[in-house]
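Heads up, the thing below is written out as structure tokens.
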Amino acid sequence: MAQFVEPDLDDLYRDLILDHYRHPRNKGSLAEATARSEGYNPLCGDEIEIELLMDDGVIEDIAFRGRGCSISQASGSMLTAAVKGRTRAEAMRLIEAFKRMMTDPGAEPAEELGDLEAFQGVAKFPVRVKCATLATHVLENGLGKD
Amino acid sequence: MSPQIISLIFGGAARERCEALAAQKGAGLKACSYEGLAMLDVEAVRQDFPILERRVHGKPLVYLDNAATSQKPRQVIDALVRYYETYNANIHRGLHTLAEEATDAYEAVREKVVRFVRSPYGSESVVFVRNTTEAINLVANAWGRRFLQPDDEIVLSVMEHHSNLIPWQLIARERGARLRFIDIDEQGCLRRDQFRDLIGPKTKMVALAHASNVLGINPIAEVAALAHRQGALMLVDGAQSVPHVPTDVAALGCDFLAFSGHKMCGPTGVGVLWARPELLEAMDPFLGGGSMISRVTLEASTWNEVPHKFEAGTPNIAEVIGLGAAIDYLEGLGMENVRVHEKALTAYALERLGALRELTIYGPLDAEQRVGVVSFNYADVHPHDLAQVLDQYGVAIRAGHHCTQPLMRRLDVVATARASFYLYNTFAEVDVLVEALVEAKRFFALEEAPVIQGD
């Protein structure tokens, strides 16, 4: 029989993640958006749409909408909260750091990730990584559009 | 079964009586009759499935993902090992003893399939393929390319698995044919009122699932009669029905029946296309290569007789032999008995799940109209989150769109959770499912506090 290292459910559903799932920040839409991007995970049907109000390379405002599992929706909430007020370059660095954390469970998460570090445990659940990275893909795409 | 007996077995006290009786019965007797009601000795059946001894996250495995694939009894596993250890050889070619034994074993399974689906024809009606998907692709290509004309219509339903949708989309586009779709009603049943509107003189093929992998059982015989009246053919996707209900192709009135071995206790990699031999004769080959030919020159070839015309290359010999062992196993128990057990389990699951507040069940609420598939959503908890927590309790369910994205859209959900039962599942396992669901909901409960805007 194959022996699996059994990750704990608490690694996946950290309190911070559940808090953002239950009380999503920046959920809704913007009256004035300069860029809009959406993404879909065909495997599980998670949907995320992000609207951005960019001003001179700075994310002045951001909002997300979506349907999906707790991981996908909490990442939408936490990611938008993390990049609000940041420059495009800072946001792109954050996205790269997040992706690295998802693909390399052994590595120490970058300091700039802040609260997003809560998603570190998701990397131990390979099928859920796509849930966690959906929002980052959508944001990256949206930043490229502006 | 009389309604009294149904209510008797579905009631809690009767359930205990049945289980107690099953426990008392002698070893080896896995199916018996009780008050005129056939039933399985589930504990004896479970002994045949080594994997059911497994623990997951420290809990006994509660395997409720049978619509995805079933577990395999020792008898099937042994048949695979016996083939590889004692008579492994390529078939239809060699003149040596092993090749002869392998060929005989392989071809004997065709006869078993003939009996299992009550084919009015012989072994020429049974083509071995990889799975249901390949069987449907075979028909869509080999029949469609030969017979479909521009403006011909193919009638499907909104509940079809992608495997009974995409092959038709592809061939319709190639041939300029049109697809039409039977909708579902509020109960999740096919809308009978649309049958006559959709199945008309332009219809050349009607392709439907006998049982949906999300909802319930479809009235195939009724549709087939309408199709035949219009000169159309009827293909039945039997992936979810053949493993669970007695199958009779003549009673269904189908011209093609596709099903997979791995959902009926058999190995992966083997499926069956049953077809009326005259249709197979009229169709061109699907795949070309060894075995399917008669005479070959550099410029042209003639085809082997059916069904071999459709079996190019070395087939999954071991898996076909394993499917034969699976059929023997199911016939030993009796498919009627399998059906009665699953119907009782499904009714019990519908009753217990239906009692949970905020739980939505999709499809008909009558177990008679279902195979052992119950799809649901529970409060605001996403099915993936439900499945993740259930896994911690050793409970394996499916969560997602079940390869039925158009149906999910029709039901206005992004995904559903799905518990699906088979002959080895118990009433106690339904109880574990319900308890784990309640825990999962508690874990994800949305608090009443208002949504915080901004950060």
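In the structure tokens, chains take letters A, B, ... by order of appearance, with residues numbered from 1 within each chain and ligands from 1 in the order shown.
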Region 80-86 of chain A environment, 8 Å, only C-alpha atoms, sequence neighbours closer than 2 positions dropped, as a PyMOL selection string: (chain A and resi 25-26+58-64+76-78+88+90-91+114-116) or (chain B and resi 454-455)
When the cut-off is 6 Å and we count only C-alpha atoms, which residues of chain A are near chain B, given as a PyMOL selection string? chain A and resi 22-23+25-26+44-45+69
Skipping near chain neighbours, those fewer than 5 positions away, what residues fall within 12 Å of Leu252 (chain B) using only C-alpha atoms, listed as a count of residues only? 24
Looking only at alpha helix (DSSP H) from DSSP on the backbone, list the matching residues of region 9-133 of chain A as an MDAnalysis selection string. chainID A and resid 9:12 15:22 70:83 88:103 129:133
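Relative to CA of Cys189 (chain B), CA of Val338 (chain B) is found at 23.5 Å.
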